[in-house]
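Colleague: This is the content of work.txt (compact mmCIF, C-alpha atoms and all ligand atoms):
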```
# COMPACT_ATOMS: atom_id res chain seq x y z
CA MET A 625 120.64 60.01 20.77
CA ARG A 626 121.17 63.57 21.91
CA LEU A 627 118.63 64.81 24.44
CA GLU A 628 117.51 68.31 23.55
CA ALA A 629 114.63 68.97 25.94
CA VAL A 630 112.08 67.29 28.18
CA GLU A 631 108.46 68.40 28.33
CA LEU A 632 106.56 67.73 31.56
CA ARG A 633 102.80 67.97 31.31
CA ARG A 634 100.19 67.61 34.02
CA VAL A 635 96.99 66.13 32.63
CA ALA A 636 93.58 65.42 34.18
CA LEU A 637 91.33 62.72 32.71
CA PRO A 638 87.74 62.34 33.96
CA LEU A 639 87.16 58.76 35.18
CA VAL A 640 84.21 56.80 33.75
CA THR A 641 83.68 55.11 37.15
CA PRO A 642 84.80 56.93 40.30
CA PHE A 643 87.57 54.99 42.06
CA ARG A 644 87.34 54.69 45.82
CA THR A 645 90.48 54.44 47.96
CA SER A 646 91.16 54.84 51.65
CA ARG A 647 91.68 58.55 50.94
CA GLY A 648 88.37 59.23 49.31
CA VAL A 649 86.59 58.97 46.00
CA HIS A 650 88.49 59.98 42.88
CA THR A 651 86.49 61.27 39.92
CA GLU A 652 89.45 62.11 37.71
CA ARG A 653 92.92 60.76 37.09
CA GLN A 654 95.72 63.26 37.44
CA ALA A 655 98.86 62.14 35.64
CA LEU A 656 102.22 63.42 34.55
CA VAL A 657 103.05 62.90 30.89
CA VAL A 658 106.68 63.16 29.82
CA ARG A 659 107.88 63.87 26.29
CA VAL A 660 111.57 63.66 25.48
CA LEU A 661 112.78 65.63 22.49
CA THR A 662 115.89 64.12 20.90
CA ASP A 663 117.83 64.55 17.68
CA SER A 664 116.25 61.24 16.57
CA GLY A 665 112.67 62.28 17.33
CA ASP A 666 110.30 62.43 20.28
CA GLY A 667 109.24 59.80 22.80
CA TRP A 668 106.38 59.64 25.29
CA GLY A 669 106.28 58.41 28.86
CA GLU A 670 103.88 58.50 31.78
CA CYS A 671 104.42 58.75 35.51
CA VAL A 672 101.89 56.54 37.30
CA ALA A 673 102.33 58.09 40.76
CA GLU A 674 98.99 58.84 42.39
CA PRO A 675 98.04 62.19 43.92
CA GLU A 676 98.48 60.82 47.46
CA PRO A 677 101.28 58.62 48.81
CA SER A 678 98.86 55.81 49.67
CA TYR A 679 99.90 52.99 47.30
CA SER A 680 103.59 53.68 47.86
CA PRO A 681 105.66 56.62 49.22
CA GLU A 682 105.64 58.23 45.76
CA PHE A 683 103.03 60.84 44.88
CA LEU A 684 102.49 63.09 41.91
CA ASP A 685 103.73 66.43 43.24
CA GLY A 686 106.74 64.70 44.79
CA ALA A 687 107.51 62.96 41.50
CA LEU A 688 107.39 66.31 39.73
CA LEU A 689 109.78 67.86 42.21
CA VAL A 690 112.28 65.00 42.04
CA LEU A 691 112.10 65.01 38.24
CA GLU A 692 112.76 68.72 37.90
CA ARG A 693 115.30 69.13 40.66
CA HIS A 694 117.21 65.84 40.61
CA LEU A 695 116.46 63.46 37.74
CA LEU A 696 116.37 65.78 34.73
CA PRO A 697 119.81 67.29 35.52
CA LEU A 698 121.25 63.76 35.63
CA LEU A 699 119.49 62.77 32.40
CA PHE A 700 120.71 65.92 30.63
CA ALA A 701 124.25 65.29 31.92
CA ALA A 702 124.05 61.81 30.38
CA GLY A 703 122.31 62.74 27.16
CA ALA A 704 122.89 66.35 26.16
CA ALA A 705 126.12 65.54 24.31
CA GLY A 706 124.68 62.44 22.60
CA GLY A 707 125.00 58.76 23.34
CA LEU A 708 121.71 58.53 25.27
CA THR A 709 120.15 55.06 25.23
CA ALA A 710 117.15 53.62 27.05
CA ALA A 711 119.40 51.04 28.70
CA GLY A 712 121.57 53.90 29.98
CA VAL A 713 118.75 55.78 31.71
CA ALA A 714 118.57 53.73 34.93
CA PRO A 715 122.35 53.82 35.50
CA ALA A 716 122.35 57.58 34.81
CA LEU A 717 119.63 58.11 37.46
CA ALA A 718 121.00 55.65 40.03
CA ALA A 719 122.51 58.39 42.22
CA VAL A 720 118.94 59.29 43.21
CA LYS A 721 117.52 56.71 45.60
CA GLY A 722 113.96 55.51 45.25
CA HIS A 723 111.37 57.34 43.11
CA PRO A 724 110.88 54.40 40.73
CA MET A 725 107.73 55.84 39.12
CA ALA A 726 109.47 59.11 38.21
CA LYS A 727 112.45 57.17 36.84
CA CYS A 728 110.15 54.82 34.90
CA ALA A 729 108.49 57.77 33.15
CA LEU A 730 111.84 59.02 31.84
CA GLU A 731 113.10 55.60 30.77
CA MET A 732 109.76 54.88 29.07
CA ALA A 733 109.97 58.12 27.06
CA VAL A 734 113.59 57.53 26.03
CA LEU A 735 112.75 53.92 25.10
CA ASP A 736 109.82 55.14 23.00
CA ALA A 737 112.04 57.66 21.18
CA GLU A 738 114.75 55.04 20.62
CA LEU A 739 112.34 52.41 19.30
CA ARG A 740 110.46 54.88 17.08
CA SER A 741 113.76 55.91 15.50
CA GLU A 742 114.61 52.23 14.93
CA GLY A 743 111.13 51.36 13.65
CA ARG A 744 110.76 48.70 16.38
CA SER A 745 107.91 48.15 18.82
CA PHE A 746 107.94 47.90 22.61
CA ALA A 747 106.66 44.34 22.19
CA GLU A 748 109.60 43.35 20.01
CA ARG A 749 112.16 45.01 22.30
CA LEU A 750 110.74 43.57 25.53
CA GLY A 751 110.49 40.05 24.11
CA ALA A 752 106.76 39.57 23.51
CA VAL A 753 105.64 36.17 22.25
CA ARG A 754 101.89 36.86 21.91
CA SER A 755 99.94 39.21 19.68
CA GLU A 756 97.06 39.60 22.11
CA VAL A 757 96.61 39.25 25.86
CA ASP A 758 93.78 38.24 28.21
CA CYS A 759 92.10 41.09 30.05
CA GLY A 760 91.21 41.24 33.70
CA VAL A 761 89.59 44.00 35.66
CA ALA A 762 90.04 45.34 39.19
CA VAL A 763 86.99 46.38 41.18
CA GLY A 764 87.34 48.79 44.10
CA ILE A 765 85.54 48.59 47.43
CA THR A 766 81.95 49.53 46.67
CA PRO A 767 79.57 51.09 49.21
CA THR A 768 77.49 47.89 49.38
CA VAL A 769 77.83 44.19 48.59
CA ASP A 770 74.97 44.44 46.09
CA ALA A 771 76.76 47.24 44.25
CA LEU A 772 79.85 45.06 44.07
CA VAL A 773 77.98 42.09 42.60
CA GLU A 774 76.31 44.44 40.11
CA GLN A 775 79.66 45.91 39.01
CA VAL A 776 81.21 42.46 38.65
CA ALA A 777 78.19 41.34 36.57
CA ALA A 778 78.70 44.28 34.21
CA TYR A 779 82.39 43.41 33.70
CA VAL A 780 81.61 39.72 33.18
CA ASP A 781 79.02 40.75 30.56
CA ALA A 782 81.62 42.98 28.91
CA GLY A 783 83.84 39.91 28.49
CA TYR A 784 86.57 40.32 31.09
CA ARG A 785 88.24 36.98 31.71
CA ARG A 786 89.22 37.53 35.31
CA VAL A 787 87.97 39.80 38.10
CA LYS A 788 89.97 41.12 41.03
CA LEU A 789 88.22 42.39 44.13
CA LYS A 790 89.83 44.87 46.48
CA ILE A 791 89.41 43.73 50.08
CA GLU A 792 90.12 45.19 53.52
CA PRO A 793 89.23 44.24 57.09
CA GLY A 794 85.44 44.46 57.39
CA ALA A 795 84.92 44.16 53.63
CA ASP A 796 86.29 40.79 52.65
CA VAL A 797 84.89 37.27 53.21
CA ASP A 798 81.20 38.21 52.85
CA ARG A 799 81.91 40.14 49.66
CA VAL A 800 83.96 37.37 48.11
CA ARG A 801 81.26 34.84 49.06
CA ALA A 802 78.54 36.96 47.43
CA VAL A 803 80.47 37.25 44.17
CA ARG A 804 81.44 33.57 44.19
CA GLU A 805 77.82 32.47 44.75
CA ARG A 806 76.67 34.52 41.79
CA PHE A 807 79.61 33.48 39.55
CA PRO A 808 80.69 29.94 40.52
CA GLU A 809 83.06 29.54 37.55
CA LEU A 810 84.59 33.03 37.38
CA ASP A 811 88.38 33.41 37.61
CA LEU A 812 88.47 35.50 40.76
CA GLN A 813 91.24 36.95 42.92
CA VAL A 814 91.55 39.47 45.74
CA ASP A 815 93.94 42.32 46.58
CA ALA A 816 94.38 43.63 50.13
CA ASN A 817 97.02 46.31 49.46
CA GLY A 818 98.74 45.35 52.73
CA ALA A 819 95.69 45.92 54.92
CA TYR A 820 96.08 42.83 57.17
CA ARG A 821 98.52 41.70 59.87
CA VAL A 822 99.99 38.31 60.71
CA GLU A 823 97.38 37.95 63.46
CA ASP A 824 94.72 37.93 60.73
CA ILE A 825 95.98 34.70 59.14
CA PRO A 826 93.12 32.54 60.54
CA HIS A 827 90.64 35.05 59.08
CA LEU A 828 92.45 35.18 55.73
CA ALA A 829 92.33 31.36 55.64
CA GLU A 830 88.53 31.63 55.28
CA LEU A 831 89.23 32.84 51.73
CA ASP A 832 90.40 29.30 50.89
CA ALA A 833 86.74 28.30 50.58
CA PHE A 834 86.23 30.33 47.39
CA GLY A 835 88.69 28.82 44.92
CA LEU A 836 90.55 32.09 44.33
CA LEU A 837 93.41 32.34 41.85
CA LEU A 838 95.44 34.22 44.46
CA VAL A 839 95.42 36.66 47.35
CA GLU A 840 97.52 39.72 46.58
CA GLN A 841 99.65 41.62 49.10
CA PRO A 842 97.80 40.65 52.28
CA LEU A 843 100.43 42.18 54.60
CA PRO A 844 102.60 45.33 54.62
CA ASP A 845 105.32 45.74 51.97
CA ASP A 846 108.30 44.86 54.15
CA ASP A 847 106.85 41.77 55.87
CA PHE A 848 108.63 38.90 54.10
CA ASP A 849 108.38 36.54 57.10
CA GLY A 850 104.70 37.33 57.54
CA HIS A 851 103.94 36.63 53.89
CA ALA A 852 105.83 33.35 54.16
CA ALA A 853 103.57 32.50 57.13
CA VAL A 854 100.45 33.37 55.11
CA ALA A 855 101.70 31.26 52.21
CA ALA A 856 102.29 28.32 54.56
CA ALA A 857 98.84 28.64 56.17
CA LEU A 858 96.63 29.17 53.09
CA ARG A 859 95.89 26.93 50.13
CA THR A 860 95.24 30.10 48.09
CA PRO A 861 98.49 31.22 46.42
CA VAL A 862 100.05 34.43 47.79
CA CYS A 863 100.96 37.07 45.19
CA LEU A 864 103.10 40.12 45.99
CA ASP A 865 102.71 43.59 44.49
CA GLU A 866 103.98 46.49 46.66
CA THR A 867 106.79 44.35 48.15
CA ILE A 868 108.42 43.64 44.77
CA THR A 869 110.52 46.74 44.04
CA SER A 870 113.20 45.10 41.86
CA ALA A 871 114.29 41.80 40.30
CA ARG A 872 116.59 41.28 43.29
CA VAL A 873 113.71 41.66 45.75
CA ALA A 874 111.60 39.30 43.63
CA ALA A 875 114.33 36.66 43.81
CA HIS A 876 114.53 37.09 47.59
CA ALA A 877 110.75 36.93 48.11
CA ILE A 878 110.57 33.70 46.11
CA ALA A 879 113.58 32.21 47.93
CA VAL A 880 112.06 32.79 51.38
CA GLY A 881 108.65 31.42 50.36
CA ALA A 882 106.86 34.78 50.67
CA CYS A 883 105.00 34.36 47.37
CA SER A 884 104.27 31.94 44.56
CA VAL A 885 102.94 34.56 42.10
CA VAL A 886 104.19 38.08 41.29
CA ASN A 887 102.34 41.16 40.07
CA VAL A 888 104.66 43.13 37.75
CA LYS A 889 104.27 46.91 37.50
CA ALA A 890 106.95 48.82 35.61
CA GLY A 891 106.39 52.01 37.62
CA ARG A 892 106.93 50.18 40.91
CA VAL A 893 110.28 48.72 39.80
CA GLY A 894 111.72 51.79 38.04
CA GLY A 895 111.03 50.99 34.42
CA TYR A 896 110.00 48.50 31.74
CA LEU A 897 113.54 47.14 31.41
CA GLU A 898 113.65 46.21 35.11
CA ALA A 899 110.12 44.82 34.78
CA VAL A 900 111.47 42.42 32.15
CA ARG A 901 114.21 41.38 34.60
CA VAL A 902 111.54 40.72 37.27
CA HIS A 903 109.75 38.56 34.71
CA ASP A 904 112.97 36.70 33.92
CA VAL A 905 113.76 35.97 37.59
CA CYS A 906 110.22 34.68 38.19
CA ARG A 907 110.13 32.61 35.03
CA ALA A 908 113.43 30.96 35.91
CA ALA A 909 111.95 30.05 39.30
CA GLY A 910 108.70 28.74 37.78
CA VAL A 911 106.70 31.57 39.37
CA PRO A 912 103.86 32.90 37.19
CA VAL A 913 103.55 36.68 36.78
CA TRP A 914 100.82 39.02 35.60
CA CYS A 915 100.72 42.69 34.72
CA GLY A 916 99.30 45.10 37.27
CA GLY A 917 97.67 48.42 36.47
CA MET A 918 97.87 51.97 37.84
CA LEU A 919 94.95 53.62 35.97
CA GLU A 920 97.35 54.30 33.09
CA THR A 921 96.37 56.48 30.16
CA GLY A 922 96.67 54.91 26.72
CA LEU A 923 100.45 55.49 26.84
CA GLY A 924 101.10 53.29 29.85
CA ARG A 925 98.33 50.92 28.79
CA ALA A 926 100.08 50.31 25.44
CA ALA A 927 103.40 49.62 27.18
CA ASN A 928 101.68 47.25 29.63
CA LEU A 929 100.14 45.30 26.74
CA ALA A 930 103.63 44.76 25.32
CA LEU A 931 104.97 43.65 28.71
CA ALA A 932 102.05 41.30 29.32
CA ALA A 933 102.83 39.51 26.04
CA LEU A 934 106.07 38.07 27.46
CA PRO A 935 106.06 34.28 27.98
CA GLY A 936 106.01 34.27 31.80
CA PHE A 937 102.81 36.37 31.96
CA THR A 938 100.56 33.32 32.24
CA LEU A 939 97.77 34.92 34.30
CA PRO A 940 95.40 37.65 33.04
CA GLY A 941 96.56 41.11 34.07
CA ASP A 942 94.74 44.22 35.25
CA LEU A 943 94.63 45.15 31.58
CA SER A 944 91.39 46.83 30.79
CA ALA A 945 90.14 48.57 27.70
CA SER A 946 90.50 52.36 27.66
CA ASP A 947 86.74 52.74 28.16
CA ARG A 948 86.92 50.98 31.56
CA TYR A 949 88.45 54.26 32.75
CA TYR A 950 88.38 57.00 30.12
CA ARG A 951 86.07 58.25 27.37
CA PRO A 952 88.06 59.57 25.65
CA ASP A 953 91.53 58.33 26.50
CA LEU A 954 94.61 60.48 25.91
CA THR A 955 95.44 58.26 22.92
CA GLU A 956 93.19 56.51 20.44
CA PRO A 957 91.22 54.03 22.55
CA LEU A 958 92.72 50.59 23.19
CA VAL A 959 89.80 48.22 22.83
CA MET A 960 88.93 44.75 24.09
CA ARG A 961 87.39 42.08 21.86
CA GLY A 962 86.31 38.73 23.23
CA GLY A 963 88.05 39.44 26.52
CA ARG A 964 91.40 40.13 24.87
CA MET A 965 93.36 43.17 23.72
CA ARG A 966 95.80 43.35 20.84
CA VAL A 967 99.42 44.16 21.57
CA PRO A 968 100.38 47.32 19.66
CA THR A 969 102.81 46.62 16.83
CA GLY A 970 103.70 50.11 15.59
CA PRO A 971 107.09 51.71 16.29
CA GLY A 972 107.70 52.55 19.95
CA LEU A 973 104.54 52.42 22.03
CA GLY A 974 102.51 52.14 18.83
CA VAL A 975 100.23 54.88 20.13
CA ALA A 976 100.66 58.60 20.84
CA PRO A 977 98.46 61.26 22.36
CA VAL A 978 95.66 62.60 20.16
CA ASP A 979 96.47 66.35 19.89
CA GLU A 980 92.91 67.45 20.58
CA HIS A 981 92.56 65.22 23.68
CA LEU A 982 95.99 66.19 24.95
CA GLU A 983 95.15 69.88 24.71
CA ALA A 984 91.77 69.45 26.38
CA MET A 985 93.24 67.42 29.27
CA THR A 986 96.32 69.54 29.88
CA VAL A 987 96.50 71.40 33.20
CA TRP A 988 99.93 72.89 32.51
CA VAL A 989 103.11 72.23 30.45
CA ARG A 990 106.75 72.98 31.27
CA LEU A 991 109.77 72.56 29.04
CA ALA A 992 113.16 71.76 30.57
CA ARG A 993 116.42 72.17 28.63
CA PRO A 994 120.00 71.25 29.51
CA GLY A 995 122.06 73.69 31.56
MG MG B 1001 97.85 45.38 44.11
```
Take the structure in this file and express it as structure tokens.
Ligand code: MG

Modeller:
Amino acid sequence: MRLEAVELRRVALPLVTPFRTSRGVHTERQALVVRVLTDSGDGWGECVAEPEPSYSPEFLDGALLVLERHLLPLLFAAGAAGGLTAAGVAPALAAVKGHPMAKCALEMAVLDAELRSEGRSFAERLGAVRSEVDCGVAVGITPTVDALVEQVAAYVDAGYRRVKLKIEPGADVDRVRAVRERFPELDLQVDANGAYRVEDIPHLAELDAFGLLLVEQPLPDDDFDGHAAVAAALRTPVCLDETITSARVAAHAIAVGACSVVNVKAGRVGGYLEAVRVHDVCRAAGVPVWCGGMLETGLGRAANLALAALPGFTLPGDLSASDRYYRPDLTEPLVMRGGRMRVPTGPGLGVAPVDEHLEAMTVWVRLARPG
């Protein structure tokens, strides 16, 4: 393909339920939507970086800067004369270190354009073996325990097959106990986003009483030895999220006993093609994986559904229906039925922005061309 231009678009989507993080309460999702314009047609991508660098060092304004100043010139150098492929995007951008979410957005858009022109779906290209996937939901830290139990009850009623609770020091064991007492049979797991330290292992071991599927990222990203110590001390399986930045890191984490489950997020590892390689490494090692979520719009949600249909994704992901977050979504809504969502089968992502929604949600648009 020949790359003719890249459109960068800042969008703002009102959130159905405000999402609380350590940096405050978010009532809308700001995102960066990427459209590549090629001689074979357009493709759509999404940068999942958050407004603040609190999940990882990447953040939205930084991603924009690195895209415009560093990544787009490299992509144009690789693709302006033709010969651009999705598989060639990561090598073309490798001179820039880090910034996996910005890189993922570009690769996703090029992959969408490539697959649309070939009439193939993301699911087919990534190696999906299922036509629908189980849905789980992530619940943030609510102001009170009662509010948490109430929110979980609403998601259970809606049909979600697994619930993940965010935890942090001071908001953990009592909350998990309250939810477990109300829902003795629920598939339940917790995510600490690195909020604990090795010294907290005896406290974390109290979570073993609740029959959790896993505890996700209890310690900071770079603490392989610490996670191995947690894994040795707890019966609850340890899952890593932030730590796993590539297939190579996944292989290392498994080899040193730092985890026995992996959360796969394409944005965190630089693209959907690397996400498949993470899956492959884990599957070969007998380590189950599941698909994480970053409050994606329908674009990223559709790609995640394709990824989660690969054979090693044996646990329900943070794959929620569009209306868990957005009414309306940027695309036609992706809906859940009986606790499952269908994997899109149309060319490329199988979804595209609805013009009217895209216009209404756009904060600004910029068009970049080669040279
Ligand atoms: Mg996580």

Colleague: One decimal, in Å: what's the spacing between CA of Pro675 in chain A and CA of Glu652 in chain A?

Modeller: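 These atoms are spaced 10.6 Å apart.
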
Colleague: With a distance cut-off of 7 Å and only C-alpha atoms, select the neighbouring residues of range 734-739 of chain A, excluding the residue or stretch itself and same-chain residues fewer than 6 positions from it, and output the selection as a CSV table (one decimal) with C-alpha atoms, in the frame of the given file.

Modeller:
```csv
chain,number,residue,atom,x,y,z
A,660,VAL,CA,111.6,63.7,25.5
A,665,GLY,CA,112.7,62.3,17.3
A,666,ASP,CA,110.3,62.4,20.3
A,667,GLY,CA,109.2,59.8,22.8
A,668,TRP,CA,106.4,59.6,25.3
A,710,ALA,CA,117.2,53.6,27.0
A,745,SER,CA,107.9,48.2,18.8
A,971,PRO,CA,107.1,51.7,16.3
A,972,GLY,CA,107.7,52.6,20.0
A,973,LEU,CA,104.5,52.4,22.0
```

Colleague: Could you check the closest approach to Leu810 in chain A for each of A:Asp685, A:Asp832, A:Asp824, A:Asp781 and tell me which residue wins, using all atoms listed in the file?

Modeller: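 Ranking A:Asp685, A:Asp832, A:Asp824, A:Asp781 by distance to Leu810 in chain A, first place goes to A:Asp781.
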
Colleague: Under the rule that all atoms listed in the file are counted, which of A:Val978, A:Val803, A:Ala752, A:Cys883 is the nearest residue to Val773 in chain A?

Modeller: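 Residue with the minimum atom-to-atom distance to Val773 in chain A: A:Val803.
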
Colleague: May I have a table of the residues of chain A lying at most 12 Å from ligand MG 1001 (chain B), giving each one's closest pair of atoms and their distance in Å to one decimal, counting only C-alpha atoms and all ligand atoms, ordered by chain and ascending residue number, as CSV?

Modeller:
```
residue,atom,partner,partner_atom,distance
A:Ser678,CA,B:MG1001,MG,11.9
A:Tyr679,CA,B:MG1001,MG,8.5
A:Ser680,CA,B:MG1001,MG,10.8
A:Val761,CA,B:MG1001,MG,11.9
A:Ala762,CA,B:MG1001,MG,9.2
A:Val763,CA,B:MG1001,MG,11.3
A:Gly764,CA,B:MG1001,MG,11.0
A:Lys788,CA,B:MG1001,MG,9.5
A:Leu789,CA,B:MG1001,MG,10.1
A:Lys790,CA,B:MG1001,MG,8.4
A:Ile791,CA,B:MG1001,MG,10.5
A:Gln813,CA,B:MG1001,MG,10.8
A:Val814,CA,B:MG1001,MG,8.8
A:Asp815,CA,B:MG1001,MG,5.5
A:Ala816,CA,B:MG1001,MG,7.2
A:Asn817,CA,B:MG1001,MG,5.5
A:Gly818,CA,B:MG1001,MG,8.7
A:Ala819,CA,B:MG1001,MG,11.0
A:Leu838,CA,B:MG1001,MG,11.4
A:Val839,CA,B:MG1001,MG,9.6
A:Glu840,CA,B:MG1001,MG,6.2
A:Gln841,CA,B:MG1001,MG,6.5
A:Pro842,CA,B:MG1001,MG,9.4
A:Leu843,CA,B:MG1001,MG,11.3
A:Pro844,CA,B:MG1001,MG,11.5
A:Asp845,CA,B:MG1001,MG,10.8
A:Val862,CA,B:MG1001,MG,11.8
A:Cys863,CA,B:MG1001,MG,8.9
A:Leu864,CA,B:MG1001,MG,7.7
A:Asp865,CA,B:MG1001,MG,5.2
A:Glu866,CA,B:MG1001,MG,6.7
A:Thr867,CA,B:MG1001,MG,9.9
A:Ile868,CA,B:MG1001,MG,10.7
A:Val886,CA,B:MG1001,MG,10.1
A:Asn887,CA,B:MG1001,MG,7.4
A:Val888,CA,B:MG1001,MG,9.6
A:Lys889,CA,B:MG1001,MG,9.3
A:Arg892,CA,B:MG1001,MG,10.8
A:Trp914,CA,B:MG1001,MG,11.0
A:Cys915,CA,B:MG1001,MG,10.2
A:Gly916,CA,B:MG1001,MG,7.0
A:Gly917,CA,B:MG1001,MG,8.2
A:Met918,CA,B:MG1001,MG,9.1
A:Leu919,CA,B:MG1001,MG,11.9
A:Gly941,CA,B:MG1001,MG,11.0
A:Asp942,CA,B:MG1001,MG,9.5
```
